[in-house]
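Chemist: Sharing work_35.tsv here; it has TSV, C-alpha atoms and all ligand atoms.
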chain	number	residue	atom	x	y	z
A	1	MET	CA	-36.03	2.29	-8.43
A	2	GLU	CA	-33.00	1.11	-6.48
A	3	ILE	CA	-31.24	3.34	-3.97
A	4	ILE	CA	-27.58	2.48	-3.53
A	5	ASP	CA	-25.40	4.22	-0.96
A	6	CYS	CA	-22.38	1.94	-1.08
A	7	VAL	CA	-19.55	2.79	-3.51
A	8	ASP	CA	-18.45	-0.83	-4.07
A	9	GLU	CA	-22.01	-2.01	-4.58
A	10	MET	CA	-22.69	0.72	-7.16
A	11	GLN	CA	-19.51	-0.14	-9.07
A	12	ARG	CA	-20.23	-3.89	-8.94
A	13	ARG	CA	-23.78	-3.35	-10.29
A	14	ALA	CA	-22.50	-1.05	-13.04
A	15	LEU	CA	-19.85	-3.55	-14.15
A	16	GLU	CA	-22.47	-6.33	-14.18
A	17	LEU	CA	-24.77	-4.21	-16.33
A	18	ARG	CA	-21.96	-3.48	-18.76
A	19	ALA	CA	-21.02	-7.18	-18.90
A	20	ALA	CA	-24.65	-7.96	-19.73
A	21	GLY	CA	-24.44	-5.53	-22.67
A	22	LYS	CA	-26.56	-2.78	-21.13
A	23	SER	CA	-25.85	0.88	-21.84
A	24	ILE	CA	-25.69	3.25	-18.86
A	25	ALA	CA	-26.76	6.90	-18.83
A	26	PHE	CA	-25.61	8.98	-15.86
A	27	VAL	CA	-26.83	12.28	-14.40
A	28	PRO	CA	-24.54	13.49	-11.59
A	29	THR	CA	-26.20	15.98	-9.25
A	30	MET	CA	-25.93	17.50	-5.80
A	31	GLY	CA	-29.65	16.92	-5.30
A	32	TYR	CA	-32.53	19.28	-4.54
A	33	LEU	CA	-33.69	18.43	-8.04
A	34	HIS	CA	-35.40	20.97	-10.28
A	35	ARG	CA	-36.60	21.03	-13.87
A	36	GLY	CA	-33.06	21.62	-15.11
A	37	HIS	CA	-31.94	18.29	-13.63
A	38	LEU	CA	-35.10	16.61	-14.90
A	39	SER	CA	-34.33	17.70	-18.47
A	40	LEU	CA	-31.02	15.81	-18.16
A	41	VAL	CA	-32.83	12.80	-16.71
A	42	GLU	CA	-35.36	12.84	-19.54
A	43	ARG	CA	-32.61	12.82	-22.18
A	44	GLY	CA	-30.64	10.11	-20.39
A	45	ARG	CA	-33.80	7.99	-20.06
A	46	ALA	CA	-34.29	8.13	-23.83
A	47	GLU	CA	-30.69	7.30	-24.70
A	48	ALA	CA	-29.69	4.26	-22.61
A	49	ASP	CA	-30.97	1.01	-21.11
A	50	VAL	CA	-30.23	1.97	-17.52
A	51	LEU	CA	-30.37	5.45	-16.01
A	52	VAL	CA	-28.33	6.25	-12.91
A	53	LEU	CA	-28.68	9.54	-11.00
A	54	SER	CA	-26.22	10.44	-8.26
A	55	ILE	CA	-27.00	12.76	-5.38
A	56	PHE	CA	-23.89	13.85	-3.55
A	57	VAL	CA	-23.19	17.28	-2.09
A	58	ASN	CA	-19.48	17.12	-2.77
A	59	PRO	CA	-17.57	18.85	0.07
A	60	THR	CA	-14.34	19.26	-1.91
A	61	GLN	CA	-15.85	21.70	-4.43
A	62	PHE	CA	-16.95	24.18	-1.75
A	63	GLY	CA	-14.57	26.79	-0.37
A	64	PRO	CA	-14.21	27.31	3.40
A	65	ASN	CA	-16.65	30.25	3.44
A	66	GLU	CA	-19.12	28.80	0.97
A	67	ASP	CA	-22.55	27.20	1.44
A	68	PHE	CA	-21.69	23.50	1.92
A	69	ASP	CA	-23.54	23.27	5.25
A	70	SER	CA	-26.60	25.20	4.12
A	71	TYR	CA	-26.80	23.68	0.61
A	72	PRO	CA	-30.46	22.58	0.25
A	73	ARG	CA	-31.01	18.87	0.83
A	74	ASP	CA	-34.23	16.83	0.65
A	75	LEU	CA	-33.55	13.23	-0.28
A	76	GLN	CA	-37.14	12.00	0.05
A	77	ARG	CA	-38.37	14.68	-2.34
A	78	ASP	CA	-35.52	13.88	-4.75
A	79	PHE	CA	-36.29	10.15	-4.65
A	80	ALA	CA	-39.94	10.81	-5.51
A	81	LEU	CA	-38.98	13.09	-8.43
A	82	ALA	CA	-36.36	10.63	-9.68
A	83	GLN	CA	-38.76	7.71	-9.54
A	84	ALA	CA	-41.47	9.65	-11.39
A	85	ALA	CA	-38.91	10.55	-14.07
A	86	GLY	CA	-37.95	6.93	-14.69
A	87	VAL	CA	-34.56	6.77	-12.95
A	88	ASP	CA	-33.46	3.14	-12.38
A	89	MET	CA	-30.82	3.68	-9.71
A	90	VAL	CA	-30.05	6.57	-7.38
A	91	PHE	CA	-26.52	6.59	-6.01
A	92	THR	CA	-26.22	8.50	-2.71
A	93	PRO	CA	-22.76	7.91	-1.24
A	94	THR	CA	-21.58	9.46	2.02
A	95	ALA	CA	-18.56	11.78	2.01
A	96	ASP	CA	-16.59	9.29	4.10
A	97	SER	CA	-17.16	6.51	1.59
A	98	MET	CA	-16.13	8.76	-1.31
A	99	TYR	CA	-12.97	10.16	0.29
A	100	SER	CA	-10.75	7.97	2.42
A	101	ALA	CA	-8.49	9.68	4.95
A	102	GLU	CA	-5.46	8.52	2.86
A	103	ALA	CA	-6.75	9.97	-0.44
A	104	ALA	CA	-3.93	11.85	-2.18
A	105	THR	CA	-5.06	12.22	-5.79
A	106	THR	CA	-6.66	15.26	-7.41
A	107	VAL	CA	-7.66	15.77	-11.03
A	108	HIS	CA	-6.64	19.25	-12.18
A	109	VAL	CA	-7.58	20.69	-15.56
A	110	ALA	CA	-5.23	23.59	-16.30
A	111	ARG	CA	-6.14	26.79	-18.19
A	112	LEU	CA	-9.89	26.24	-18.71
A	113	SER	CA	-10.40	26.09	-14.95
A	114	GLU	CA	-8.49	29.30	-14.21
A	115	ASN	CA	-10.70	32.17	-15.47
A	116	LEU	CA	-14.24	33.08	-14.31
A	117	CYS	CA	-15.46	30.84	-11.42
A	118	GLY	CA	-11.96	29.35	-11.22
A	119	ALA	CA	-10.57	32.77	-10.31
A	120	SER	CA	-13.24	33.57	-7.72
A	121	ARG	CA	-13.59	30.05	-6.24
A	122	PRO	CA	-10.03	28.73	-5.87
A	123	GLY	CA	-9.91	24.92	-5.86
A	124	HIS	CA	-13.55	24.60	-6.92
A	125	PHE	CA	-12.88	22.92	-10.25
A	126	ASP	CA	-10.32	20.51	-8.78
A	127	GLY	CA	-13.12	19.38	-6.47
A	128	VAL	CA	-15.52	19.04	-9.40
A	129	THR	CA	-13.19	17.17	-11.75
A	130	THR	CA	-11.94	14.85	-9.02
A	131	VAL	CA	-15.44	13.87	-7.93
A	132	VAL	CA	-16.74	13.54	-11.50
A	133	CYS	CA	-13.76	11.32	-12.37
A	134	LYS	CA	-14.49	9.18	-9.32
A	135	LEU	CA	-18.21	9.03	-10.14
A	136	PHE	CA	-17.43	7.98	-13.71
A	137	ASN	CA	-15.20	5.18	-12.40
A	138	ILE	CA	-17.90	4.03	-9.99
A	139	VAL	CA	-20.97	4.35	-12.26
A	140	GLN	CA	-19.19	3.33	-15.50
A	141	PRO	CA	-21.50	5.38	-17.73
A	142	HIS	CA	-21.54	5.34	-21.52
A	143	LYS	CA	-23.07	8.81	-21.53
A	144	ALA	CA	-23.15	11.55	-18.88
A	145	TYR	CA	-25.38	14.63	-18.88
A	146	PHE	CA	-24.58	18.15	-17.64
A	147	GLY	CA	-26.45	21.46	-17.83
A	148	MET	CA	-25.05	24.46	-19.68
A	149	LYS	CA	-25.82	26.80	-16.80
A	150	ASP	CA	-22.45	25.66	-15.46
A	151	PHE	CA	-20.83	26.50	-18.79
A	152	GLN	CA	-17.28	26.46	-17.45
A	153	GLN	CA	-17.87	23.20	-15.55
A	154	LEU	CA	-19.05	21.55	-18.77
A	155	SER	CA	-15.95	22.75	-20.67
A	156	VAL	CA	-13.62	21.60	-17.91
A	157	ILE	CA	-15.27	18.16	-17.75
A	158	ARG	CA	-15.13	17.74	-21.53
A	159	ARG	CA	-11.38	18.60	-21.40
A	160	MET	CA	-10.78	16.08	-18.61
A	161	VAL	CA	-12.64	13.33	-20.49
A	162	ALA	CA	-10.66	14.01	-23.68
A	163	ASP	CA	-7.29	14.37	-21.97
A	164	LEU	CA	-7.67	11.24	-19.84
A	165	ASN	CA	-9.26	9.13	-22.62
A	166	MET	CA	-12.32	8.40	-20.54
A	167	PRO	CA	-14.79	6.25	-22.50
A	168	VAL	CA	-17.73	8.51	-21.68
A	169	GLU	CA	-19.73	10.69	-24.04
A	170	VAL	CA	-20.42	14.03	-22.34
A	171	VAL	CA	-23.74	15.57	-23.32
A	172	GLY	CA	-24.41	19.25	-22.52
A	173	LEU	CA	-28.02	20.43	-22.48
A	174	PRO	CA	-29.47	23.97	-22.58
A	175	ILE	CA	-30.26	26.03	-19.50
A	176	VAL	CA	-33.80	25.53	-18.24
A	177	ARG	CA	-35.38	28.79	-17.07
A	178	GLU	CA	-38.32	29.79	-14.90
A	179	ASP	CA	-41.21	31.51	-16.74
A	180	ASP	CA	-39.69	34.92	-15.95
A	181	GLY	CA	-36.28	33.86	-17.33
A	182	LEU	CA	-34.34	33.13	-14.12
A	183	ALA	CA	-32.04	30.16	-14.73
A	184	MET	CA	-33.09	27.13	-12.65
A	185	SER	CA	-30.75	26.45	-9.74
A	186	SER	CA	-31.05	24.65	-6.42
A	187	ARG	CA	-29.63	27.85	-4.89
A	188	ASN	CA	-32.67	29.91	-6.06
A	189	THR	CA	-34.46	28.57	-2.96
A	190	TYR	CA	-32.19	30.79	-0.82
A	191	LEU	CA	-33.62	33.96	-2.38
A	192	SER	CA	-36.26	36.09	-0.69
A	193	ALA	CA	-38.98	37.40	-3.03
A	194	GLU	CA	-37.17	40.75	-3.11
A	195	LEU	CA	-33.76	39.29	-3.97
A	196	ARG	CA	-35.28	36.91	-6.51
A	197	GLN	CA	-36.78	39.95	-8.27
A	198	GLN	CA	-33.38	41.64	-8.25
A	199	GLY	CA	-31.83	38.45	-9.63
A	200	LEU	CA	-33.79	38.91	-12.85
A	201	ALA	CA	-31.28	41.66	-13.65
A	202	LEU	CA	-28.98	38.89	-14.95
A	203	VAL	CA	-31.51	37.94	-17.58
A	204	ASP	CA	-32.15	41.58	-18.40
A	205	ALA	CA	-28.43	42.27	-18.76
A	206	ILE	CA	-28.00	39.28	-21.09
A	207	ARG	CA	-30.93	40.47	-23.20
A	208	LEU	CA	-29.67	44.08	-23.37
A	209	VAL	CA	-26.20	42.97	-24.40
A	210	GLY	CA	-27.57	40.53	-26.98
A	211	ALA	CA	-29.82	43.16	-28.53
A	212	ALA	CA	-26.95	45.68	-28.74
A	213	ALA	CA	-24.61	43.09	-30.26
A	214	ARG	CA	-27.16	42.00	-32.84
A	215	ALA	CA	-27.71	45.68	-33.68
A	216	GLY	CA	-24.00	45.99	-34.47
A	217	GLU	CA	-22.10	46.75	-31.22
A	218	ARG	CA	-19.32	44.14	-31.21
A	219	ASP	CA	-16.87	45.68	-28.74
A	220	ALA	CA	-16.78	43.32	-25.75
A	221	ALA	CA	-15.69	45.98	-23.23
A	222	THR	CA	-18.60	48.25	-24.23
A	223	LEU	CA	-21.06	45.36	-23.92
A	224	VAL	CA	-19.68	44.28	-20.54
A	225	ALA	CA	-19.97	47.88	-19.28
A	226	MET	CA	-23.59	47.89	-20.44
A	227	ALA	CA	-24.33	44.68	-18.49
A	228	ARG	CA	-22.51	46.03	-15.45
A	229	ARG	CA	-24.60	49.23	-15.47
A	230	ARG	CA	-27.81	47.19	-15.57
A	231	ILE	CA	-26.77	44.90	-12.70
A	232	GLU	CA	-25.57	47.85	-10.60
A	233	GLN	CA	-29.11	49.26	-10.61
A	234	GLU	CA	-30.05	46.54	-8.10
A	235	ALA	CA	-29.58	47.55	-4.46
A	236	ASP	CA	-28.14	44.24	-3.24
A	237	ALA	CA	-26.20	43.15	-6.33
A	238	GLU	CA	-22.50	42.55	-5.82
A	239	ILE	CA	-20.80	41.62	-9.07
A	240	ASP	CA	-18.31	38.76	-8.90
A	241	TYR	CA	-17.60	38.83	-12.64
A	242	ILE	CA	-19.16	39.76	-15.96
A	243	GLN	CA	-17.03	38.61	-18.86
A	244	ILE	CA	-17.37	37.83	-22.54
A	245	CYS	CA	-15.28	34.80	-23.45
A	246	ASN	CA	-14.56	32.50	-26.36
A	247	ASP	CA	-16.61	29.32	-25.93
A	248	ALA	CA	-13.67	26.99	-26.62
A	249	THR	CA	-10.83	28.66	-24.67
A	250	LEU	CA	-12.87	30.55	-22.06
A	251	SER	CA	-10.44	33.45	-22.51
A	252	ASP	CA	-11.81	36.97	-22.65
A	253	VAL	CA	-12.41	38.32	-26.15
A	254	ASP	CA	-12.09	41.88	-27.45
A	255	THR	CA	-14.64	41.49	-30.22
A	256	VAL	CA	-17.88	39.54	-30.20
A	257	ASP	CA	-18.39	36.84	-32.81
A	258	GLU	CA	-20.52	33.67	-33.05
A	259	GLN	CA	-18.36	31.95	-30.43
A	260	ALA	CA	-18.63	34.70	-27.82
A	261	VAL	CA	-20.43	33.84	-24.58
A	262	ILE	CA	-21.36	36.30	-21.85
A	263	LEU	CA	-20.89	34.78	-18.39
A	264	LEU	CA	-22.04	36.44	-15.18
A	265	ALA	CA	-21.71	35.67	-11.49
A	266	VAL	CA	-23.46	38.06	-9.13
A	267	ARG	CA	-24.21	37.88	-5.42
A	268	PHE	CA	-27.61	38.95	-4.14
A	269	GLY	CA	-27.25	38.94	-0.38
A	270	ALA	CA	-25.66	35.60	0.49
A	271	THR	CA	-26.77	33.94	-2.76
A	272	ARG	CA	-24.42	33.77	-5.72
A	273	LEU	CA	-26.21	33.41	-9.06
A	274	ILE	CA	-24.54	32.49	-12.32
A	275	ASP	CA	-25.88	32.67	-15.85
A	276	ASN	CA	-24.59	32.74	-19.40
A	277	ASN	CA	-25.65	32.95	-23.02
A	278	TYR	CA	-24.07	33.06	-26.47
A	279	VAL	CA	-24.01	36.83	-26.94
A	280	LEU	CA	-25.57	36.79	-30.40
A	281	ASN	CA	-28.30	34.29	-29.49
A	282	GLU	CA	-31.68	35.59	-28.43
A	283	LEU	CA	-32.65	34.55	-24.90
B	301	LIG	O1	-23.14	20.46	-11.19
B	301	LIG	C1	-23.19	19.85	-10.12
B	301	LIG	O2	-24.24	19.63	-9.54
B	301	LIG	C2	-21.89	19.36	-9.49
B	301	LIG	O3	-20.85	20.24	-9.71
B	301	LIG	C3	-21.51	17.93	-9.96
B	301	LIG	C4	-21.24	17.88	-11.44
B	301	LIG	C5	-22.64	16.97	-9.61
B	301	LIG	C6	-20.24	17.49	-9.23
B	301	LIG	O4	-20.40	17.47	-7.86
Step by step, read the file and then write its structure as structure tokens.
Ligand code: PAF

Modeler:
Amino acid sequence: MEIIDCVDEMQRRALELRAAGKSIAFVPTMGYLHRGHLSLVERGRAEADVLVLSIFVNPTQFGPNEDFDSYPRDLQRDFALAQAAGVDMVFTPTADSMYSAEAATTVHVARLSENLCGASRPGHFDGVTTVVCKLFNIVQPHKAYFGMKDFQQLSVIRRMVADLNMPVEVVGLPIVREDDGLAMSSRNTYLSAELRQQGLALVDAIRLVGAAARAGERDAATLVAMARRRIEQEADAEIDYIQICNDATLSDVDTVDEQAVILLAVRFGATRLIDNNYVLNEL
């Protein structure tokens, strides 16, 4: 497995591979790999000649009071996991090499980036789309893999790729969960045993809402109130949002149908957990 930390070198290697007729699969990450990332790696490994994984904790997608400094990092552990999973190249640029002092360009996806996490984390999606656009230009992938835990991120990236005619196929893969249902996230490592237990309320809320909807309750406001009541039972839970949205527009819906997704963001202490599920799908 090659480790490349230089932007120009990564781009040169990718262009050479393309010229030689090789297909490139790409898994962009911020590191501290878990089984969710590895499910993306596994799919990418099966679908292309060369598999590139990036590890870059992108400063521009964190707000001033967010966890950029404390975001978990362990490159040696990540390298070992990547190698065992069959990654060919790990790209680990520095922030200085990704963003020059003169940089003046931002990729902004309107509408889809405004609701949900876009409302509570201003500027977050501009940071994500700009870095993903840059990474696509550097790594030159044919296919790129993202997890559905970041449901809104996946929608925003698909929109960017379509709008800017990027020659990349975006593949979204299902949320990978711990045995007790908690969605895998690098941020789960922040949680004490007590807060982790409280965090399972997200899964419980999704299940309660799903069961009620499948039993016939289709009013979104009633279902959101039900989820809210369940989350509020936890001593440290601070709800950022609980919304039921259309999967294509990410606008709130009044009535649940096959396209309705429940999306939740809840803080437990300093840790913000997100989760989602198609309302009518069993979790
Ligand atoms: O999902 C993530 O880990 C990040 O938002 C991404 C896509 C790697 C961009 O920094």

Chemist: I'd like the interatomic distance between CA of Ile206 (chain A) and CA of Arg43 (chain A), to a tenth of an Å.

Modeler: 26.9 Å

Chemist: Name the residues, by chain letter and number, that sit within 6 Å of ligand LIG 301 (chain B) using only C-alpha atoms and all ligand atoms, and give them as a ChimeraX atom specification.

Modeler: /A:28-30,58,128,132

Chemist: Near Thr129 (chain A), within 7 Å and counting all atoms listed in the file, which residues show up once chain neighbours fewer than 6 positions away are dropped, as JSON, numbers by chain?

Modeler: {"A": [107, 108, 157]}

Chemist: In Å to one decimal, how far is CA of Asn276 (chain A) from CA of Phe151 (chain A)?

Modeler: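 Rounded to one decimal, the two atoms are 7.3 Å apart.
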
Chemist: Select, counting all atoms listed in the file, all protein, DNA and RNA residues no farther than 12 Å from (-31.1, 4.0, -17.4) in file coordinates, and express the selection as a PyMOL selection string.

Modeler: chain A and resi 1-2+14+17-18+22-27+40-53+82-83+85-90+139+141-144

Chemist: Under the rule that only C-alpha atoms are counted, which of A:Phe268, A:Phe146, A:Tyr241, A:Phe125 is the nearest residue to Leu191 (chain A)?

Modeler: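 For Leu191 (chain A), the nearest of the given residues is A:Phe268.
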
Chemist: Could you check how far CA of Arg111 (chain A) sits from CA of Gln243 (chain A), in Å to one decimal?

Modeler: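 Separation of CA of Arg111 (chain A) and CA of Gln243 (chain A): 16.1 Å.
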
Chemist: Give me, as a PyMOL selection string, all polymer residues having an atom no more than 7 Å from Leu280 (chain A), counting only C-alpha atoms and skipping those fewer than 2 positions away in the same chain.

Modeler: chain A and resi 210+213-214+258+278+282

Chemist: Near Ala227 (chain A), within 8 Å and counting all atoms listed in the file, which residues show up once chain neighbours fewer than 2 positions away are dropped, as a ChimeraX atom specification?

Modeler: /A:205-206,208-209,223-225,229-231,242

Chemist: Just want the 8 Å neighbourhood of Leu202 (chain A), counted on only C-alpha atoms, with same-chain residues fewer than 5 positions away dropped. Output as an mmCIF file with C-alpha atoms, in the frame of the given file.

Modeler:
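Saved file around.cif follows:
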data_model
loop_
_atom_site.group_PDB
_atom_site.id
_atom_site.type_symbol
_atom_site.label_atom_id
_atom_site.label_comp_id
_atom_site.auth_asym_id
_atom_site.auth_seq_id
_atom_site.Cartn_x
_atom_site.Cartn_y
_atom_site.Cartn_z
ATOM 1 C CA LEU A 182 -34.340 33.130 -14.120
ATOM 2 C CA ILE A 231 -26.770 44.900 -12.700
ATOM 3 C CA LEU A 264 -22.040 36.440 -15.180
ATOM 4 C CA ASP A 275 -25.880 32.670 -15.850
#

Chemist: Which residues come within 6 Å of region 251-256 of chain A, counting all atoms listed in the file, excluding same-chain residues fewer than 2 positions away, as an MDAnalysis selection string?

Modeler: chainID A and resid 218:220 244:246 249 260

Chemist: As a compact mmCIF listing (two decimals), keeping the file's coordinate frame, could you write out region 12-31 of chain A once it has been completed with N, CA and C atoms?

Modeler:
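Result file is part22.txt:
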# COMPACT_ATOMS: atom_id res chain seq x y z
N ARG A 12 -20.00 -2.48 -8.58
CA ARG A 12 -20.23 -3.89 -8.94
C ARG A 12 -21.46 -4.00 -9.85
N ARG A 13 -22.54 -3.30 -9.48
CA ARG A 13 -23.78 -3.35 -10.29
C ARG A 13 -23.53 -2.77 -11.68
N ALA A 14 -22.76 -1.68 -11.74
CA ALA A 14 -22.50 -1.05 -13.04
C ALA A 14 -21.67 -1.99 -13.93
N LEU A 15 -20.69 -2.64 -13.35
CA LEU A 15 -19.85 -3.55 -14.15
C LEU A 15 -20.67 -4.75 -14.63
N GLU A 16 -21.58 -5.22 -13.78
CA GLU A 16 -22.47 -6.33 -14.18
C GLU A 16 -23.36 -5.91 -15.36
N LEU A 17 -23.90 -4.70 -15.25
CA LEU A 17 -24.77 -4.21 -16.33
C LEU A 17 -24.01 -4.12 -17.64
N ARG A 18 -22.79 -3.59 -17.55
CA ARG A 18 -21.96 -3.48 -18.76
C ARG A 18 -21.67 -4.86 -19.34
N ALA A 19 -21.34 -5.82 -18.44
CA ALA A 19 -21.02 -7.18 -18.90
C ALA A 19 -22.22 -7.82 -19.57
N ALA A 20 -23.42 -7.40 -19.13
CA ALA A 20 -24.65 -7.96 -19.73
C ALA A 20 -25.04 -7.19 -21.00
N GLY A 21 -24.20 -6.25 -21.42
CA GLY A 21 -24.44 -5.53 -22.67
C GLY A 21 -25.38 -4.35 -22.54
N LYS A 22 -25.65 -3.92 -21.32
CA LYS A 22 -26.56 -2.78 -21.13
C LYS A 22 -25.81 -1.46 -21.24
N SER A 23 -26.46 -0.45 -21.80
CA SER A 23 -25.85 0.88 -21.84
C SER A 23 -26.32 1.68 -20.61
N ILE A 24 -25.40 2.50 -20.10
CA ILE A 24 -25.69 3.25 -18.86
C ILE A 24 -25.64 4.75 -19.13
N ALA A 25 -26.73 5.44 -18.80
CA ALA A 25 -26.76 6.90 -18.83
C ALA A 25 -26.63 7.39 -17.39
N PHE A 26 -25.92 8.51 -17.22
CA PHE A 26 -25.61 8.98 -15.86
C PHE A 26 -25.86 10.48 -15.74
N VAL A 27 -26.62 10.86 -14.71
CA VAL A 27 -26.83 12.28 -14.40
C VAL A 27 -26.27 12.53 -13.01
N PRO A 28 -25.09 13.16 -12.91
CA PRO A 28 -24.54 13.49 -11.59
C PRO A 28 -25.16 14.78 -11.07
N THR A 29 -25.60 14.77 -9.82
CA THR A 29 -26.20 15.98 -9.25
C THR A 29 -25.78 16.13 -7.78
N MET A 30 -26.08 17.31 -7.24
CA MET A 30 -25.93 17.50 -5.80
C MET A 30 -27.32 17.52 -5.15
N GLY A 31 -28.32 17.04 -5.87
CA GLY A 31 -29.65 16.92 -5.30
C GLY A 31 -30.44 18.21 -5.31
